[in-house]
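Asks: Contents of final-v4.cif (mmCIF, C-alpha atoms) are given next:
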```cif
data_structure
loop_
_atom_site.label_atom_id
_atom_site.label_comp_id
_atom_site.auth_asym_id
_atom_site.auth_seq_id
_atom_site.Cartn_x
_atom_site.Cartn_y
_atom_site.Cartn_z
CA MET C 1 26.88 -1.86 36.39
CA HIS C 2 25.17 -3.91 39.06
CA GLU C 3 22.15 -1.76 38.58
CA LEU C 4 22.15 -2.44 34.83
CA VAL C 5 22.49 -6.19 35.33
CA GLY C 6 19.67 -6.07 37.83
CA ARG C 7 17.49 -4.18 35.37
CA LEU C 8 18.20 -6.68 32.60
CA ALA C 9 17.40 -9.58 34.88
CA GLY C 10 14.20 -7.83 35.90
CA SER C 11 13.15 -7.29 32.29
CA ARG C 12 13.89 -10.94 31.55
CA ASP C 13 11.65 -11.91 34.43
CA VAL C 14 8.92 -9.70 33.01
CA VAL C 15 9.28 -11.24 29.55
CA GLY C 16 9.31 -14.74 31.00
CA GLY C 17 6.24 -13.97 33.05
CA VAL C 18 4.40 -12.59 30.04
CA GLU C 19 5.26 -15.64 27.95
CA GLN C 20 4.15 -17.98 30.71
CA ALA C 21 0.86 -16.14 30.98
CA LEU C 22 0.39 -16.47 27.22
CA GLU C 23 1.05 -20.21 27.42
CA GLN C 24 -1.55 -20.60 30.14
CA GLU C 25 -4.12 -18.61 28.20
CA PHE C 26 -3.51 -20.66 25.09
CA GLU C 27 -3.96 -23.86 27.07
CA ALA C 28 -7.34 -22.60 28.26
CA ARG C 29 -8.38 -21.75 24.70
CA LEU C 30 -7.28 -25.16 23.52
CA VAL C 31 -9.43 -26.92 26.12
CA GLU C 32 -12.54 -24.87 25.41
CA SER C 33 -12.28 -24.65 21.61
CA SER C 34 -10.96 -28.02 20.52
CA THR C 35 -14.47 -29.45 20.05
CA LEU C 36 -15.48 -26.48 17.92
CA ALA C 37 -12.44 -26.84 15.67
CA VAL C 38 -12.79 -30.58 15.26
CA ARG C 39 -16.50 -30.37 14.47
CA VAL C 40 -16.05 -27.59 11.95
CA ALA C 41 -13.39 -29.61 10.18
CA TYR C 42 -15.47 -32.74 10.46
CA SER C 43 -18.46 -31.07 8.79
CA VAL C 44 -16.33 -30.74 5.68
CA LEU C 45 -14.10 -33.80 5.80
CA ARG C 46 -16.43 -36.41 7.39
CA ARG C 47 -13.54 -38.31 8.88
CA ARG C 48 -12.36 -37.82 12.41
CA GLU C 49 -8.67 -38.36 11.75
CA ASP C 50 -8.62 -35.82 8.95
CA ALA C 51 -10.68 -33.40 11.00
CA GLU C 52 -8.24 -33.67 13.91
CA ASP C 53 -5.29 -33.11 11.60
CA VAL C 54 -6.85 -29.96 10.24
CA ALA C 55 -7.87 -28.74 13.68
CA GLN C 56 -4.34 -29.35 14.93
CA GLU C 57 -2.93 -27.28 12.08
CA ALA C 58 -5.39 -24.50 12.87
CA PHE C 59 -4.34 -24.51 16.53
CA ALA C 60 -0.68 -24.36 15.55
CA ARG C 61 -1.37 -21.32 13.40
CA ALA C 62 -3.39 -19.74 16.16
CA TYR C 63 -0.48 -20.27 18.53
CA ARG C 64 1.87 -18.43 16.20
CA SER C 65 -0.29 -15.33 16.27
CA PHE C 66 -1.72 -15.80 19.71
CA SER C 67 -0.46 -12.44 20.96
CA GLN C 68 -3.09 -10.84 18.72
CA LEU C 69 -5.81 -13.38 19.53
CA ARG C 70 -5.90 -13.24 23.30
CA ASP C 71 -9.50 -12.17 23.40
CA ARG C 72 -11.67 -15.28 23.76
CA ASP C 73 -14.32 -14.39 21.19
CA ARG C 74 -11.76 -13.24 18.72
CA PHE C 75 -9.80 -16.43 19.17
CA ARG C 76 -12.82 -18.68 18.61
CA SER C 77 -13.95 -16.69 15.60
CA TRP C 78 -10.49 -16.78 14.06
CA LEU C 79 -10.12 -20.48 14.83
CA ALA C 80 -13.48 -21.43 13.32
CA ARG C 81 -12.79 -19.56 10.11
CA MET C 82 -9.23 -20.83 9.81
CA THR C 83 -10.34 -24.42 10.43
CA TRP C 84 -13.08 -24.08 7.86
CA ARG C 85 -10.67 -22.72 5.26
CA LEU C 86 -8.08 -25.41 5.92
CA ALA C 87 -10.72 -28.12 5.80
CA ILE C 88 -12.13 -26.84 2.51
CA ASN C 89 -8.64 -26.74 1.04
CA ARG C 90 -8.00 -30.27 2.15
CA TRP C 91 -11.35 -31.47 0.93
CA ARG C 92 -10.72 -29.96 -2.49
CA ALA C 93 -7.33 -31.60 -2.65
CA ASP C 94 -8.75 -34.97 -1.68
CA ARG C 95 -10.14 -36.97 -4.56
CA ARG C 96 -11.21 -39.98 -2.60
CA ARG C 97 -14.04 -38.37 -0.73
CA SER C 98 -16.86 -40.72 -1.65
CA ALA C 99 -15.04 -43.66 -0.15
CA ARG C 100 -14.54 -41.73 3.07
CA GLU C 101 -18.25 -40.89 3.29
CA LEU C 102 -19.02 -44.56 3.43
CA ALA C 103 -16.42 -45.19 6.09
CA HIS C 104 -17.77 -42.25 8.11
CA ALA C 105 -21.34 -43.52 8.06
CA VAL C 106 -20.19 -46.78 9.58
CA SER C 107 -18.22 -45.09 12.32
CA VAL C 108 -20.80 -42.47 13.32
CA ALA C 109 -24.00 -44.41 13.40
CA PRO C 110 -24.88 -46.33 16.53
CA GLU C 111 -25.27 -50.06 16.23
CA PRO C 112 -28.87 -51.04 16.75
CA THR C 113 -30.58 -53.36 14.33
CA THR C 114 -29.40 -53.92 10.79
CA GLU C 115 -32.47 -52.20 9.35
CA GLN C 116 -31.94 -49.08 11.45
CA THR C 117 -28.30 -49.01 10.44
CA VAL C 118 -29.14 -49.13 6.79
CA ASP C 119 -31.79 -46.44 7.16
CA GLY C 120 -29.48 -44.25 9.21
CA ARG C 121 -26.70 -44.56 6.68
CA ARG C 122 -28.97 -43.69 3.84
CA ARG C 123 -30.41 -40.73 5.70
CA ALA C 124 -26.96 -39.47 6.67
CA ALA C 125 -25.72 -39.78 3.14
CA GLN C 126 -28.73 -37.82 1.90
CA LEU C 127 -28.14 -35.09 4.42
CA TRP C 128 -24.47 -34.83 3.59
CA ARG C 129 -25.25 -34.61 -0.07
CA ALA C 130 -27.75 -31.85 0.61
CA ILE C 131 -25.20 -29.99 2.70
CA ASP C 132 -22.59 -30.37 0.00
CA ALA C 133 -24.98 -28.85 -2.52
CA LEU C 134 -25.19 -25.66 -0.48
CA PRO C 135 -23.01 -22.69 -1.32
CA ASP C 136 -20.12 -22.14 1.10
CA LYS C 137 -21.72 -19.12 2.74
CA LEU C 138 -24.87 -21.02 3.61
CA ARG C 139 -23.04 -24.19 4.54
CA ILE C 140 -20.78 -22.62 7.16
CA VAL C 141 -23.74 -20.86 8.74
CA ILE C 142 -25.85 -23.97 9.15
CA VAL C 143 -22.89 -26.03 10.31
CA LEU C 144 -21.92 -23.53 12.98
CA ALA C 145 -25.55 -23.22 14.08
CA SER C 146 -25.67 -26.98 14.54
CA ILE C 147 -22.42 -27.20 16.49
CA GLU C 148 -22.59 -26.72 20.24
CA GLY C 149 -26.05 -25.18 19.95
CA HIS C 150 -24.84 -21.81 18.75
CA ASP C 151 -27.56 -19.23 18.35
CA VAL C 152 -27.71 -16.57 15.66
CA GLY C 153 -25.70 -14.05 17.69
CA GLU C 154 -22.94 -16.53 18.39
CA VAL C 155 -22.73 -17.59 14.75
CA ALA C 156 -22.62 -13.93 13.75
CA ALA C 157 -19.77 -13.35 16.21
CA LEU C 158 -17.90 -16.40 14.93
CA LEU C 159 -18.20 -15.33 11.31
CA GLY C 160 -17.84 -11.63 11.91
CA VAL C 161 -21.02 -10.78 9.99
CA PRO C 162 -24.23 -9.05 11.14
CA ALA C 163 -26.85 -11.13 12.92
CA GLY C 164 -29.42 -10.25 10.26
CA THR C 165 -27.22 -11.73 7.59
CA VAL C 166 -26.82 -14.93 9.59
CA LYS C 167 -30.55 -15.15 10.12
CA SER C 168 -31.36 -14.81 6.42
CA ARG C 169 -28.62 -17.26 5.43
CA LEU C 170 -29.86 -19.77 7.97
CA PHE C 171 -33.38 -19.48 6.61
CA LEU C 172 -32.17 -19.99 3.06
CA ALA C 173 -29.97 -22.93 4.02
CA ARG C 174 -32.79 -24.73 5.84
CA GLN C 175 -35.15 -24.13 2.98
CA ARG C 176 -32.72 -25.57 0.45
CA LEU C 177 -31.91 -28.52 2.66
CA LYS C 178 -35.61 -29.33 2.98
CA GLU C 179 -36.06 -29.09 -0.77
CA GLN C 180 -33.07 -31.31 -1.38
CA LEU C 181 -34.17 -33.90 1.11
CA GLN C 182 -37.69 -34.02 -0.33
CA TRP C 183 -36.24 -34.57 -3.75
CA THR C 184 -34.05 -37.40 -2.63
CA ARG C 185 -36.70 -39.20 -0.61
CA MET F 1 -35.57 -26.97 17.17
CA ASP F 2 -35.92 -27.69 13.50
CA PRO F 3 -35.75 -31.43 12.65
CA ILE F 4 -33.03 -30.69 10.13
CA ASP F 5 -31.02 -28.92 12.80
CA ARG F 6 -31.45 -31.92 15.07
CA GLU F 7 -30.27 -34.28 12.38
CA LEU F 8 -27.35 -32.06 11.59
CA ALA F 9 -26.43 -31.77 15.23
CA SER F 10 -26.42 -35.52 15.57
CA LEU F 11 -24.31 -35.86 12.43
CA LEU F 12 -21.80 -33.35 13.76
CA SER F 13 -21.69 -34.58 17.33
CA VAL F 14 -18.11 -35.71 17.05
CA GLU F 15 -15.84 -35.30 20.02
CA PRO F 16 -12.11 -34.93 19.62
CA SER F 17 -10.19 -38.01 20.62
CA PRO F 18 -8.51 -38.00 24.04
CA GLU F 19 -5.08 -37.74 22.47
CA PHE F 20 -6.03 -34.77 20.30
CA ARG F 21 -5.01 -32.14 22.84
CA ALA F 22 -1.83 -33.99 23.64
CA ARG F 23 -0.94 -33.98 19.95
CA VAL F 24 -1.69 -30.27 19.68
CA ARG F 25 0.55 -29.61 22.69
CA GLU F 26 3.30 -31.64 21.11
CA ARG F 27 2.90 -29.75 17.89
CA ILE F 28 3.03 -26.30 19.47
CA ALA F 29 6.00 -27.31 21.60
CA LEU F 30 7.95 -27.31 18.35
CA GLU F 31 6.80 -23.78 17.57
CA PRO F 32 8.65 -20.74 18.94
CA ALA F 33 7.00 -19.31 22.03
CA PRO F 34 4.43 -16.63 21.30
CA ARG F 35 5.70 -13.15 22.09
CA SER F 36 3.46 -10.65 23.69
CA TRP F 37 2.13 -7.85 21.57
CA TYR F 38 3.65 -5.36 24.01
CA LEU F 39 7.16 -6.65 23.33
CA GLN F 40 6.55 -6.75 19.60
CA TRP F 41 5.29 -3.20 19.77
CA ARG F 42 8.43 -2.07 21.55
CA VAL F 43 10.65 -3.72 18.97
CA ALA F 44 8.62 -2.21 16.15
CA ALA F 45 8.81 1.25 17.74
CA ALA F 46 12.59 1.01 18.11
CA ALA F 47 12.94 -0.12 14.51
CA ALA F 48 10.73 2.72 13.30
CA ALA F 49 12.76 5.28 15.24
CA ALA F 50 16.03 3.95 13.84
CA LEU F 51 14.60 3.99 10.35
CA SER F 52 13.38 7.57 10.64
CA VAL F 53 16.81 8.72 11.89
CA ALA F 54 18.48 6.96 8.96
CA VAL F 55 16.07 8.59 6.50
CA ALA F 56 16.71 12.01 8.02
CA VAL F 57 20.47 11.55 7.74
CA VAL F 58 20.20 10.50 4.10
CA VAL F 59 17.92 13.42 3.24
CA ILE F 60 20.23 15.96 4.88
CA ALA F 61 23.24 14.44 3.12
CA LEU F 62 21.46 14.67 -0.23
CA VAL F 63 20.42 18.30 0.34
CA VAL F 64 23.93 19.35 1.35
CA GLY F 65 25.54 17.45 -1.52
CA ARG F 66 23.27 19.01 -4.16
CA PRO F 67 24.73 22.08 -5.98
CA GLY F 68 23.37 25.11 -4.19
CA GLY F 69 21.86 22.97 -1.53
CA ALA F 70 24.05 24.12 1.29
CA ASP F 71 23.94 27.60 -0.12
CA SER F 72 20.20 27.65 0.17
CA LEU F 73 20.49 26.32 3.69
CA ARG F 74 23.17 28.66 4.90
CA ARG F 75 22.74 31.84 2.92
CA ALA F 76 19.78 33.75 4.05
CA ASN F 77 20.48 36.91 2.05
CA PRO F 78 22.30 36.16 -1.19
CA VAL F 79 24.52 38.82 -2.71
CA ALA F 80 25.57 39.52 -6.25
CA VAL F 81 26.53 36.63 -8.51
CA ASP F 82 29.69 36.57 -10.56
CA PRO F 83 28.68 35.63 -14.11
CA PRO F 84 31.09 33.94 -16.48
CA ARG F 85 32.39 36.50 -18.92
CA PRO F 86 31.91 36.14 -22.67
CA PRO F 87 35.07 35.62 -24.71
CA ALA F 88 35.05 39.18 -25.94
CA LEU F 89 35.30 40.45 -22.44
CA ALA F 90 37.44 37.69 -21.07
CA ALA F 91 40.49 38.93 -22.93
CA ALA F 92 39.95 42.46 -21.83
CA GLU F 93 41.37 43.23 -18.46
CA PRO F 94 40.68 44.51 -15.93
CA ARG F 95 38.14 41.94 -14.94
CA ALA F 96 35.05 43.31 -13.43
CA THR F 97 34.18 40.95 -10.68
CA VAL F 98 31.53 41.11 -8.12
CA THR F 99 31.72 38.64 -5.26
CA PRO F 100 32.70 35.28 -6.74
CA HIS F 101 30.19 32.49 -6.62
CA THR F 102 31.15 28.84 -7.01
CA PRO F 103 28.15 26.54 -6.80
CA ASP F 104 30.16 23.38 -6.14
CA ARG F 105 31.98 24.90 -3.24
CA ALA F 106 29.29 27.19 -2.13
CA VAL F 107 30.12 27.03 1.51
CA ARG F 108 33.43 28.89 1.21
CA ARG F 109 33.43 32.09 -0.71
CA ARG F 110 36.75 33.21 -2.21
CA ALA F 111 38.10 36.45 -0.86
CA PRO F 112 38.71 39.04 -3.57
CA ARG F 113 42.30 39.30 -4.73
CA VAL F 114 44.20 42.52 -4.60
CA ASN F 115 44.42 42.97 -8.37
CA ASP F 116 40.73 42.17 -8.92
CA VAL F 117 38.56 45.06 -9.64
CA GLN F 118 35.48 45.14 -7.59
CA VAL F 119 32.37 46.77 -8.78
CA LEU F 120 30.31 48.22 -6.07
CA VAL F 121 26.64 47.97 -6.85
CA ALA F 122 24.14 50.09 -5.10
CA PRO F 123 21.76 48.02 -3.06
CA ASP F 124 18.75 49.08 -5.09
CA GLU F 125 20.50 48.06 -8.33
CA VAL F 126 21.68 44.65 -7.27
CA ARG F 127 18.63 42.97 -8.68
CA ALA F 128 18.92 44.62 -12.06
CA PHE F 129 22.61 43.84 -12.17
CA ARG F 130 21.95 40.24 -11.40
CA GLN F 131 19.39 40.02 -14.18
CA LEU F 132 21.86 41.55 -16.59
CA ALA F 133 24.52 39.06 -15.51
CA ALA F 134 22.11 36.20 -15.99
CA ILE F 135 21.18 37.38 -19.47
CA VAL F 136 24.84 37.65 -20.44
CA GLN F 137 25.55 34.26 -18.94
CA ARG F 138 22.87 32.67 -21.08
CA GLY F 139 24.42 34.25 -24.15
CA ARG F 140 21.43 36.34 -24.97
CA ALA F 141 23.37 39.56 -24.76
CA GLN F 142 26.95 40.61 -25.12
CA PHE F 143 28.98 43.50 -23.81
CA VAL F 144 30.46 45.51 -26.65
CA PHE F 145 32.64 48.53 -26.01
CA ALA F 146 33.13 51.23 -28.62
CA ASP F 147 36.88 51.64 -28.10
CA GLU F 148 37.63 47.93 -28.62
CA HIS F 149 35.27 47.02 -31.42
CA GLU F 150 34.93 50.10 -33.56
CA SER F 151 33.96 48.20 -36.66
CA VAL F 152 30.98 46.89 -34.89
CA ALA F 153 30.21 49.58 -32.46
CA VAL F 154 30.87 52.73 -34.53
CA GLN F 155 29.96 52.91 -38.15
CA GLU F 156 31.68 55.16 -40.65
CA PRO F 157 29.69 58.18 -41.77
CA ILE F 158 28.28 57.73 -45.23
CA TRP F 159 29.48 60.53 -47.60
CA ASP F 160 28.96 59.11 -51.05
CA ILE F 161 25.29 59.53 -51.34
CA VAL F 162 24.55 61.12 -54.72
CA VAL F 163 21.26 62.79 -55.23
CA ALA F 164 20.18 62.90 -58.89
CA PRO F 165 19.35 66.44 -60.17
CA ILE F 166 15.71 67.07 -60.56
CA ALA F 167 14.64 68.09 -64.12
CA VAL F 168 11.55 70.26 -64.37
CA ALA F 169 9.67 70.05 -67.72
CA PRO F 170 6.30 71.47 -68.82
CA LEU F 171 3.46 69.07 -68.82
CA GLU F 172 2.13 67.94 -72.20
CA VAL F 173 -1.59 68.41 -72.31
CA ALA F 174 -3.58 66.69 -75.09
CA THR F 175 -5.96 69.08 -77.11
CA ASN F 176 -9.65 68.25 -77.70
CA GLN F 177 -11.13 67.98 -81.29
CA GLU F 178 -13.55 70.65 -82.68
CA PRO F 179 -17.24 69.54 -82.70
CA ALA F 180 -19.02 68.99 -86.09
CA VAL F 181 -20.76 72.00 -87.73
CA ASP F 182 -24.20 70.51 -88.27
CA ALA F 183 -24.60 69.10 -84.83
CA GLU F 184 -27.65 69.37 -82.70
CA GLY F 185 -26.54 72.60 -81.13
CA ASP F 186 -26.90 74.50 -84.38
CA GLN F 187 -30.47 73.39 -84.77
CA GLN F 188 -31.38 74.93 -81.49
#
```
Would you mind writing the structure in this file as structure tokens?
Replies:
Amino acid sequence: MHELVGRLAGSRDVVGGVEQALEQEFEARLVESSTLAVRVAYSVLRRREDAEDVAQEAFARAYRSFSQLRDRDRFRSWLARMTWRLAINRWRADRRRSARELAHAVSVAPEPTTEQTVDGRRRAAQLWRAIDALPDKLRIVIVLASIEGHDVGEVAALLGVPAGTVKSRLFLARQRLKEQLQWTR
Amino acid sequence: MDPIDRELASLLSVEPSPEFRARVRERIALEPAPRSWYLQWRVAAAAAAALSVAVAVVVIALVVGRPGGADSLRRANPVAVDPPRPPALAAAEPRATVTPHTPDRAVRRRAPRVNDVQVLVAPDEVRAFRQLAAIVQRGRAQFVFADEHESVAVQEPIWDIVVAPIAVAPLEVATNQEPAVDAEGDQQ
């Protein structure tokens, strides 16, 4: 009997130790991936508060299935895609986006002269419009490539697609952005 | 770096607020603790084992409960089957019975009674006998014995056949007419 109780206590220690290790790993992932999640959400929502809400939801979901996402690359890839999906869903549900764009431009741009501010706002609005005009597949590629200086291989790993596909999509996205921006100038 | 990439990077250079991580920690504190995949795997394996045992028990119970199921399991070398007798034979005793066979209670075979008549079938005729029994059971054939069903089995000899007498008469042959006197033959 004593032996059985001892075994049970030992297995509880093992379970507790495993759970503690999982908590620590998740904390490390949170520290290193929070910027990625917030920026991905921000690229769709253009408002920091909304982006943080979405990123928080994505982290909560990641926590629920963290036992299957312990690998760092897998975690970041899953998180980026989940954040993107949640942000798109939220963006589609939000009908007051144009007003938020304006508010964003004020908050993001630095505060030099009035002329620079106006120019910067206009330029930012043009760029956002051009990004919005891109198909989802091209948009996520160019956004991820612009976040944290990801190269083609890293974007491919984040999206789970071949590097060649990322390269061609990046090329197409840049081309279309240039065309759009020339049109709007 | 492409100028567009630079512009995009500057547009997206948003840092999470200092309280962001604290809010995430608060949020996940409300979630149940993540369980390790190893523990989940163990639970899943135990559940799968229990399920397979339950399925095996149900399958065995179904096979045993099916008519002939246990028989097929337990009887390696089946012997002769006792077919149900047709009404014509049912009245006639003695009953010819081979080893009785009850599909619903196939496990226990009834021991032959003292007044039953047992027919011993040679081993090389068992198969033919069984086929015969099956045919009778399906109603495609019937045992008929001459001494019990004479009207059917034995027919009366037929004596009243009358053969008509044969009359023989000469044949009537038609005679040909004489040819004309001044025919062509006379000229020749």
Asks: State, in Å with one decimal place, the distance from CA of Trp78 (chain C) to CA of Glu32 (chain C).
Replies: 14.1 Å
Asks: So which residues touch Ala133 (chain C) within 12 Å, counting all atoms listed in the file, skipping near sequence neighbours fewer than 2 positions away, as a VMD selection string?
Replies: chain C and resid 126 to 131 135 to 139 173 176 to 181
Asks: For the selection you just gave me, I'd like the residues written to a file as a compact mmCIF listing (two decimals), in the frame of the given file, keeping C-alpha atoms.
Replies:
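Resulting contents of selection-v8.txt:
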```
# COMPACT_ATOMS: atom_id res chain seq x y z
CA GLN C 126 -28.73 -37.82 1.90
CA LEU C 127 -28.14 -35.09 4.42
CA TRP C 128 -24.47 -34.83 3.59
CA ARG C 129 -25.25 -34.61 -0.07
CA ALA C 130 -27.75 -31.85 0.61
CA ILE C 131 -25.20 -29.99 2.70
CA PRO C 135 -23.01 -22.69 -1.32
CA ASP C 136 -20.12 -22.14 1.10
CA LYS C 137 -21.72 -19.12 2.74
CA LEU C 138 -24.87 -21.02 3.61
CA ARG C 139 -23.04 -24.19 4.54
CA ALA C 173 -29.97 -22.93 4.02
CA ARG C 176 -32.72 -25.57 0.45
CA LEU C 177 -31.91 -28.52 2.66
CA LYS C 178 -35.61 -29.33 2.98
CA GLU C 179 -36.06 -29.09 -0.77
CA GLN C 180 -33.07 -31.31 -1.38
CA LEU C 181 -34.17 -33.90 1.11
```
Asks: Which is closer to Ile140 (chain C) than all the others in C:Ala93, C:Val152, C:Arg74, C:Ser43, using all atoms listed in the file?
Replies: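 The answer is C:Ser43, which sits nearest to Ile140 (chain C).
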Asks: Rounded to one decimal place, report the CA of Val38 (chain C)-CA of Glu25 (chain C) distance in Å.
Replies: 19.6 Å
Asks: Give me, please, the distance in Å between CA of Ser65 (chain C) and CA of Leu12 (chain F), quoted to one decimal.
Replies: 28.2 Å
Asks: Within 12 Å of Ser10 (chain F), counting only C-alpha atoms, which residues show up once you throw out same-chain ones fewer than 5 positions away? Write them as a PyMOL selection string, please.
Replies: (chain C and resi 39+43+108-110+120+123-124+127+143+146-149) or (chain F and resi 3-5+15)
Asks: Restricting the calculation to only C-alpha atoms: of F:Ala22, F:Ile28, F:Ala44, F:Ala167, which residue gets closest to chain C?
Replies: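 Result for the nearest residue to chain C: F:Ile28.
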Asks: Restricting the calculation to only C-alpha atoms, which member of C:Ala145, C:Leu45, C:Leu86, C:Ala163 is positioned closest to chain F?
Replies: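 Comparing C:Ala145, C:Leu45, C:Leu86, C:Ala163 against chain F, the winner is C:Ala145.
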Asks: Got a sec to check which residues sit within 8 Å of (-7.3, -23.3, 13.5), counting all atoms listed in the file, and write them as a PDB file with C-alpha atoms, keeping the file's coordinate frame?
Replies:
```pdb
ATOM      1  CA  ALA C  37     -12.440 -26.840  15.670  1.00  0.00           C
ATOM      2  CA  VAL C  54      -6.850 -29.960  10.240  1.00  0.00           C
ATOM      3  CA  ALA C  55      -7.870 -28.740  13.680  1.00  0.00           C
ATOM      4  CA  GLN C  56      -4.340 -29.350  14.930  1.00  0.00           C
ATOM      5  CA  GLU C  57      -2.930 -27.280  12.080  1.00  0.00           C
ATOM      6  CA  ALA C  58      -5.390 -24.500  12.870  1.00  0.00           C
ATOM      7  CA  PHE C  59      -4.340 -24.510  16.530  1.00  0.00           C
ATOM      8  CA  ALA C  60      -0.680 -24.360  15.550  1.00  0.00           C
ATOM      9  CA  ARG C  61      -1.370 -21.320  13.400  1.00  0.00           C
ATOM     10  CA  ALA C  62      -3.390 -19.740  16.160  1.00  0.00           C
ATOM     11  CA  TRP C  78     -10.490 -16.780  14.060  1.00  0.00           C
ATOM     12  CA  LEU C  79     -10.120 -20.480  14.830  1.00  0.00           C
ATOM     13  CA  ALA C  80     -13.480 -21.430  13.320  1.00  0.00           C
ATOM     14  CA  ARG C  81     -12.790 -19.560  10.110  1.00  0.00           C
ATOM     15  CA  MET C  82      -9.230 -20.830   9.810  1.00  0.00           C
ATOM     16  CA  THR C  83     -10.340 -24.420  10.430  1.00  0.00           C
ATOM     17  CA  LEU C  86      -8.080 -25.410   5.920  1.00  0.00           C
TER      18      LEU C  86
END
```
Asks: Which polymer residues have any atom within 8 Å of an atom of Arg48 (chain C), counting all atoms listed in the file, with same-chain residues fewer than 5 positions away left out, as a CSV table (one decimal) with C-alpha atoms, in the coordinates of the input?
Replies:
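Writing the result to part_37.csv gives the following:
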```csv
chain,number,residue,atom,x,y,z
C,38,VAL,CA,-12.8,-30.6,15.3
C,42,TYR,CA,-15.5,-32.7,10.5
F,14,VAL,CA,-18.1,-35.7,17.0
F,16,PRO,CA,-12.1,-34.9,19.6
```
Asks: Check the smallest atom-to-atom distance from each of C:Ser67, C:Gln20, C:Asp73, C:Leu36 to chain F using all atoms listed in the file, then report the winner.
Replies: C:Ser67
Asks: Considering all atoms listed in the file, can you say which of C:Asp71, C:Asp94, C:Asp119, C:Asp53 comes closest to Arg27 (chain F)?
Replies: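 Looking only at the distances to Arg27 (chain F), the closest residue turns out to be C:Asp53.
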Asks: Identify which of the residues F:Glu125, F:Glu172, F:Glu7, F:Asp160 lies closest to chain C, counting all atoms listed in the file when measuring atom-to-atom distances.
Replies: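 Comparing F:Glu125, F:Glu172, F:Glu7, F:Asp160 against chain C, the winner is F:Glu7.
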Asks: On this file, the PyMOL selection byres ((chain C and resi 66) around 9) gives some set of residues; write that set as a list of chain:residue names.
Replies: C:Leu22, C:Phe26, C:Arg61, C:Ala62, C:Tyr63, C:Arg64, C:Ser65, C:Ser67, C:Gln68, C:Leu69, C:Arg70, C:Phe75, F:Pro34, F:Arg35, F:Ser36
Asks: Using N, CA and C atoms, give me region 40-51 of chain C from the structure I just pasted, as a PDB file, in the first residue's frame.
Replies:
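Result went into selection_39.pdb, see below:
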```
ATOM      1  N   VAL C  40       1.501  41.151 -37.252  1.00  0.00           N
ATOM      2  CA  VAL C  40       0.657  40.479 -38.251  1.00  0.00           C
ATOM      3  C   VAL C  40      -0.778  40.982 -38.123  1.00  0.00           C
ATOM      4  N   ALA C  41      -1.258  41.041 -36.906  1.00  0.00           N
ATOM      5  CA  ALA C  41      -2.632  41.524 -36.706  1.00  0.00           C
ATOM      6  C   ALA C  41      -2.757  42.990 -37.099  1.00  0.00           C
ATOM      7  N   TYR C  42      -1.714  43.738 -36.805  1.00  0.00           N
ATOM      8  CA  TYR C  42      -1.747  45.168 -37.104  1.00  0.00           C
ATOM      9  C   TYR C  42      -1.786  45.416 -38.614  1.00  0.00           C
ATOM     10  N   SER C  43      -1.114  44.562 -39.376  1.00  0.00           N
ATOM     11  CA  SER C  43      -1.081  44.750 -40.825  1.00  0.00           C
ATOM     12  C   SER C  43      -2.486  44.639 -41.422  1.00  0.00           C
ATOM     13  N   VAL C  44      -3.359  43.980 -40.720  1.00  0.00           N
ATOM     14  CA  VAL C  44      -4.738  43.854 -41.219  1.00  0.00           C
ATOM     15  C   VAL C  44      -5.636  44.901 -40.575  1.00  0.00           C
ATOM     16  N   LEU C  45      -5.464  45.116 -39.279  1.00  0.00           N
ATOM     17  CA  LEU C  45      -6.443  45.918 -38.540  1.00  0.00           C
ATOM     18  C   LEU C  45      -6.076  47.394 -38.415  1.00  0.00           C
ATOM     19  N   ARG C  46      -4.752  47.700 -38.516  1.00  0.00           N
ATOM     20  CA  ARG C  46      -4.279  49.098 -38.486  1.00  0.00           C
ATOM     21  C   ARG C  46      -4.558  49.818 -37.185  1.00  0.00           C
ATOM     22  N   ARG C  47      -4.795  49.124 -36.161  1.00  0.00           N
ATOM     23  CA  ARG C  47      -5.064  49.768 -34.876  1.00  0.00           C
ATOM     24  C   ARG C  47      -4.457  48.885 -33.803  1.00  0.00           C
ATOM     25  N   ARG C  48      -3.611  49.500 -32.994  1.00  0.00           N
ATOM     26  CA  ARG C  48      -2.836  48.707 -32.050  1.00  0.00           C
ATOM     27  C   ARG C  48      -3.722  47.952 -31.053  1.00  0.00           C
ATOM     28  N   GLU C  49      -4.735  48.595 -30.550  1.00  0.00           N
ATOM     29  CA  GLU C  49      -5.580  47.948 -29.545  1.00  0.00           C
ATOM     30  C   GLU C  49      -6.250  46.697 -30.124  1.00  0.00           C
ATOM     31  N   ASP C  50      -6.767  46.854 -31.336  1.00  0.00           N
ATOM     32  CA  ASP C  50      -7.409  45.704 -31.974  1.00  0.00           C
ATOM     33  C   ASP C  50      -6.387  44.606 -32.258  1.00  0.00           C
ATOM     34  N   ALA C  51      -5.223  45.047 -32.719  1.00  0.00           N
ATOM     35  CA  ALA C  51      -4.172  44.067 -33.031  1.00  0.00           C
ATOM     36  C   ALA C  51      -3.773  43.300 -31.772  1.00  0.00           C
TER      37      ALA C  51
END
```
